[in-house]
Amino acid sequence: MPDRPQPTLRLRIDGDALAANWRALDALSGDAEAGAAVKAQCYGLGVDACLPALRDAGARQFFVAHWSEVADVAAHVDPSSISVLHGPLTADDAIYARSIGAIPVINSLHQARIWSESGGGPCHLMIDTGINRLGVQVSELNDPLVQSLDVHVLMSHLACADEDSPMNRAQRDEFAGASVLVEHRTKSLANSAGIALGPDYALDLTRPGLALYGGVPRAELSHHIAQVAFPQAAIIQTRTIEAGQSVGYNATFTARQTMRIGVVSLGYADGYLRSWGGKGVLVHGEHHLPLLGKVSMDMVVVDLSQAPDVREGDWLDVPYMLHNAAQQNGLSQYELLTILGTRLKA
Ligand SMILES: *Cc1c(COP(=O)(O)O)cnc(C)c1O
């Protein structure tokens, strides 16, 4: 096979910023240790690009959602440091957990049975304290299936940690009350936003995800968190259009005068959604280049009339400070990360 030609789209991951974010969140967790949520390929940024930095910064507990995500993470860290949040739904899941050595999070009596019948062993236990997603009900904790588990981390998950909601305190108190009902080694409650709620929420182990990758779910974190993901796209053609000519599908932009435009190798298939149309800008040095017309699957068009020096082949930065981008675009910071397409990481 010949070498692949240079791409026209790339995602720079700032590994130092990622490591610094983990260390900041670990410090903010006080006496608790910070783990790392690495589900969905490290929130879309890529396991191989992110895991080494998190591991080398000192993270020792990694959380994925699916069993299918374990192997990629296990290429970088000891499998026993990987927890699978969705838990074992089937006997096959339990057999897989056992053979690869990852730790299941038990979320229901059904999962407790599956795990016990497969031979049991170390597991984590998720208690539902109000989010009503995954987790054993507090009223089920006395069940012998739960009582017989070898629980290492007792967990719950906050529904509203990114808001000043009375639900935070209520969930914390519910979790504290429930935790006396099951033997366990350590407790874990806080996600990224939960870390900002302070030491009452950090317990023994925190589980940041979003903030590791540059997201700021609460203002308290803004000075501690740096941008990690920097998408860049190349100009693949420039052209000059005359007054009255239009740009892109449905001809939604029409030139008022002669102008130079640039066609950029970035589209909604790359996660740059059509919601950026009419408000997005791409950046070249000092120049902010507004989008013209609609976002296509593989291309956007930018206005080069204020940037005569920009040429075909030049790289443009895609502004991706998550907090700002989310406010402009209406997507959540989580969505902005996880929609980044595979061509960016080629
Ligand atoms: C995704 C997830 C986290 C991480 O949450 P962030 O808001 O991204 O910090 C923590 N715990 C559980 C159970 C999760 O599903």
# chains A, B, ... in the order shown; residues from 1 in each chain; ligands from 1
call {"tool": "residues_around", "arguments": {"residues": "stretch 272-283 of chain A", "least_positions_apart": "4", "cutoff": "8 Å", "atoms": "only C-alpha atoms", "output": "NGL selection string"}}
result
:A and (266-268 or 287-296 or 302 or 316-319 or 328-329 or 340)
call {"tool": "residues_around", "arguments": {"residues": "A:Met259", "least_positions_apart": "2", "cutoff": "12 Å", "atoms": "only C-alpha atoms", "output": "list in words"}}
result
Thr238, Arg239, Thr240, Ile241, Glu242, Ala243, Gly244, Gln245, Ser246, Val247, Thr254, Ala255, Arg256, Gln257, Ile261, Gly262, Leu292, Val302, Asp303, Leu304, Ser305, Gln306, Ala307 and Pro308 of chain A
call {"tool": "write_last_selection", "arguments": {"atoms": "C-alpha atoms", "output": "CSV table (one decimal), in the first residue's frame"}}
result
chain,number,residue,atom,x,y,z
A,238,THR,CA,-10.3,29.6,-3.6
A,239,ARG,CA,-12.4,31.4,-6.1
A,240,THR,CA,-13.8,34.8,-6.9
A,241,ILE,CA,-17.5,35.3,-7.4
A,242,GLU,CA,-19.4,38.3,-8.8
A,243,ALA,CA,-22.2,40.3,-7.4
A,244,GLY,CA,-25.4,38.3,-7.7
A,245,GLN,CA,-23.8,34.9,-7.6
A,246,SER,CA,-24.7,32.6,-4.8
A,247,VAL,CA,-22.9,30.0,-2.6
A,254,THR,CA,-25.7,35.9,-2.6
A,255,ALA,CA,-22.7,38.2,-3.1
A,256,ARG,CA,-23.4,41.9,-3.1
A,257,GLN,CA,-20.1,42.6,-4.8
A,261,ILE,CA,-14.2,33.0,-1.1
A,262,GLY,CA,-12.5,29.8,0.2
A,292,LEU,CA,-21.1,31.8,3.7
A,302,VAL,CA,-15.7,31.2,4.0
A,303,ASP,CA,-15.5,34.8,3.1
A,304,LEU,CA,-11.9,35.8,2.2
A,305,SER,CA,-12.6,39.4,1.2
A,306,GLN,CA,-10.8,40.7,4.3
A,307,ALA,CA,-8.0,38.1,4.0
A,308,PRO,CA,-6.3,38.5,0.6
call {"tool": "residues_near_ligand", "arguments": {"ligand": "ligand 1", "cutoff": "6 Å", "atoms": "only C-alpha atoms and all ligand atoms", "output": "MDAnalysis selection string"}}
result
chainID A and resid 37 157 191:192 207:210
call {"tool": "residues_around", "arguments": {"residues": "A:Asp78", "least_positions_apart": "3", "cutoff": "10 Å", "atoms": "only C-alpha atoms", "output": "VMD selection string"}}
result
chain A and resid 60 to 62 73 to 75 81 to 82 100 to 102
call {"tool": "select_by_dssp", "arguments": {"residues": "stretch 121-298 of chain A", "states": "strand (DSSP E or B)", "output": "PyMOL selection string"}}
result
chain A and resi 122-127+136+150-155+186-188+205-206+229-241+246-247+253-254+259-264+281-284+287-292
call {"tool": "closest_residue", "arguments": {"among": "A:Glu140, A:Glu335, A:Asp309, A:Asp72", "to": "A:Val38", "atoms": "only C-alpha atoms"}}
result
A:Asp72
call {"tool": "atom_distance", "arguments": {"atom1": "atom CA of A:Met126", "atom2": "atom CA of A:Leu158"}}
result
11.6 Å
call {"tool": "select_by_dssp", "arguments": {"residues": "stretch 106-268 of chain A", "states": "alpha helix (DSSP H)", "output": "ChimeraX atom specification"}}
result
/A:109-117,144-147,166-179,192-196,199-202
call {"tool": "residues_around", "arguments": {"residues": "A:Asn168", "least_positions_apart": "6", "cutoff": "10 Å", "atoms": "only C-alpha atoms", "output": "VMD selection string"}}
result
chain A and resid 130 157 to 162 174 194 197 201
call {"tool": "residues_around", "arguments": {"residues": "A:Arg23", "least_positions_apart": "2", "cutoff": "10 Å", "atoms": "only C-alpha atoms", "output": "PyMOL selection string"}}
result
chain A and resi 17-21+25-29+34+54+57-59+212+224
call {"tool": "atom_distance", "arguments": {"atom1": "atom CA of A:His124", "atom2": "atom CA of A:Ile106"}}
result
6.0 Å
call {"tool": "residues_around", "arguments": {"residues": "stretch 148-155 of chain A", "least_positions_apart": "6", "cutoff": "10 Å", "atoms": "only C-alpha atoms", "output": "number ranges by chain"}}
result
A: 83, 103, 105-107, 112-113, 115-116, 120-129, 135, 142, 175, 178-179, 182-190, 204-207
call {"tool": "residues_around", "arguments": {"residues": "A:Leu322", "least_positions_apart": "2", "cutoff": "6 Å", "atoms": "only C-alpha atoms", "output": "list of chain:residue names"}}
result
A:Gly215, A:Tyr320, A:Asn324, A:Ala325, A:Ala326, A:Gln333
call {"tool": "write_last_selection", "arguments": {"atoms": "C-alpha atoms", "output": "mmCIF file, in the first residue's frame"}}
result
data_model
loop_
_atom_site.group_PDB
_atom_site.id
_atom_site.type_symbol
_atom_site.label_atom_id
_atom_site.label_comp_id
_atom_site.auth_asym_id
_atom_site.auth_seq_id
_atom_site.Cartn_x
_atom_site.Cartn_y
_atom_site.Cartn_z
ATOM 1 C CA GLY A 215 -15.391 21.476 29.049
ATOM 2 C CA TYR A 320 -13.645 25.191 19.668
ATOM 3 C CA ASN A 324 -18.152 29.589 24.053
ATOM 4 C CA ALA A 325 -18.918 27.255 21.186
ATOM 5 C CA ALA A 326 -21.828 25.741 23.097
ATOM 6 C CA GLN A 333 -20.311 20.933 25.400
#
call {"tool": "decode", "arguments": {"residues": "stretch 108-132 of chain A", "atoms": "N, CA, C and O atoms", "output": "compact mmCIF listing (two decimals), in the first residue's frame"}}
result
# COMPACT_ATOMS: atom_id res chain seq x y z
N SER A 108 -28.26 -3.28 38.83
CA SER A 108 -29.61 -3.80 39.08
C SER A 108 -29.48 -5.17 39.74
O SER A 108 -28.40 -5.78 39.73
N LEU A 109 -30.60 -5.67 40.26
CA LEU A 109 -30.59 -7.02 40.83
C LEU A 109 -30.28 -8.04 39.73
O LEU A 109 -29.56 -9.02 39.97
N HIS A 110 -30.81 -7.77 38.54
CA HIS A 110 -30.50 -8.66 37.41
C HIS A 110 -28.99 -8.75 37.18
O HIS A 110 -28.43 -9.84 37.04
N GLN A 111 -28.34 -7.60 37.16
CA GLN A 111 -26.89 -7.61 36.93
C GLN A 111 -26.14 -8.25 38.10
O GLN A 111 -25.13 -8.93 37.90
N ALA A 112 -26.66 -8.06 39.31
CA ALA A 112 -26.03 -8.70 40.48
C ALA A 112 -26.10 -10.22 40.33
O ALA A 112 -25.13 -10.94 40.62
N ARG A 113 -27.25 -10.70 39.81
CA ARG A 113 -27.41 -12.15 39.62
C ARG A 113 -26.46 -12.66 38.54
O ARG A 113 -25.77 -13.68 38.73
N ILE A 114 -26.43 -11.94 37.42
CA ILE A 114 -25.54 -12.35 36.31
C ILE A 114 -24.09 -12.44 36.81
O ILE A 114 -23.38 -13.41 36.52
N TRP A 115 -23.69 -11.45 37.59
CA TRP A 115 -22.29 -11.41 38.04
C TRP A 115 -22.01 -12.52 39.04
O TRP A 115 -21.00 -13.23 38.95
N SER A 116 -22.95 -12.72 39.98
CA SER A 116 -22.75 -13.78 40.98
C SER A 116 -22.73 -15.15 40.34
O SER A 116 -21.88 -15.99 40.66
N GLU A 117 -23.68 -15.38 39.42
CA GLU A 117 -23.78 -16.71 38.79
C GLU A 117 -22.55 -17.01 37.94
O GLU A 117 -22.22 -18.17 37.71
N SER A 118 -21.88 -15.95 37.46
CA SER A 118 -20.68 -16.20 36.66
C SER A 118 -19.45 -16.43 37.55
O SER A 118 -18.35 -16.65 37.06
N GLY A 119 -19.65 -16.31 38.88
CA GLY A 119 -18.55 -16.57 39.80
C GLY A 119 -18.21 -15.40 40.71
O GLY A 119 -17.40 -15.53 41.62
N GLY A 120 -18.84 -14.25 40.47
CA GLY A 120 -18.64 -13.11 41.36
C GLY A 120 -17.22 -12.58 41.30
O GLY A 120 -16.52 -12.73 40.31
N GLY A 121 -16.84 -11.91 42.39
CA GLY A 121 -15.53 -11.26 42.43
C GLY A 121 -15.69 -9.76 42.49
O GLY A 121 -16.82 -9.25 42.56
N PRO A 122 -14.57 -9.03 42.48
CA PRO A 122 -14.62 -7.58 42.64
C PRO A 122 -15.56 -6.92 41.64
O PRO A 122 -15.56 -7.28 40.46
N CYS A 123 -16.36 -5.98 42.13
CA CYS A 123 -17.24 -5.21 41.26
C CYS A 123 -17.46 -3.86 41.92
O CYS A 123 -17.05 -3.64 43.06
N HIS A 124 -18.07 -2.97 41.19
CA HIS A 124 -18.54 -1.72 41.77
C HIS A 124 -20.06 -1.78 41.79
O HIS A 124 -20.66 -2.56 41.05
N LEU A 125 -20.66 -0.95 42.63
CA LEU A 125 -22.13 -0.96 42.72
C LEU A 125 -22.65 0.46 42.55
O LEU A 125 -22.25 1.37 43.29
N MET A 126 -23.51 0.65 41.55
CA MET A 126 -24.16 1.95 41.32
C MET A 126 -25.50 1.96 42.03
O MET A 126 -26.33 1.08 41.81
N ILE A 127 -25.67 2.96 42.89
CA ILE A 127 -26.96 3.13 43.57
C ILE A 127 -27.67 4.30 42.92
O ILE A 127 -27.08 5.38 42.74
N ASP A 128 -28.92 4.13 42.59
CA ASP A 128 -29.69 5.25 42.05
C ASP A 128 -30.19 6.12 43.19
O ASP A 128 -30.88 5.64 44.09
N THR A 129 -29.83 7.39 43.16
CA THR A 129 -30.31 8.32 44.19
C THR A 129 -31.16 9.43 43.57
O THR A 129 -31.29 10.51 44.15
N GLY A 130 -31.71 9.17 42.38
CA GLY A 130 -32.66 10.15 41.85
C GLY A 130 -32.53 10.47 40.37
O GLY A 130 -33.42 11.11 39.81
N ILE A 131 -31.46 10.03 39.72
CA ILE A 131 -31.36 10.34 38.29
C ILE A 131 -32.23 9.37 37.49
O ILE A 131 -32.64 9.66 36.37
N ASN A 132 -32.54 8.21 38.11
CA ASN A 132 -33.40 7.23 37.45
C ASN A 132 -32.93 6.86 36.06
O ASN A 132 -33.68 6.87 35.08
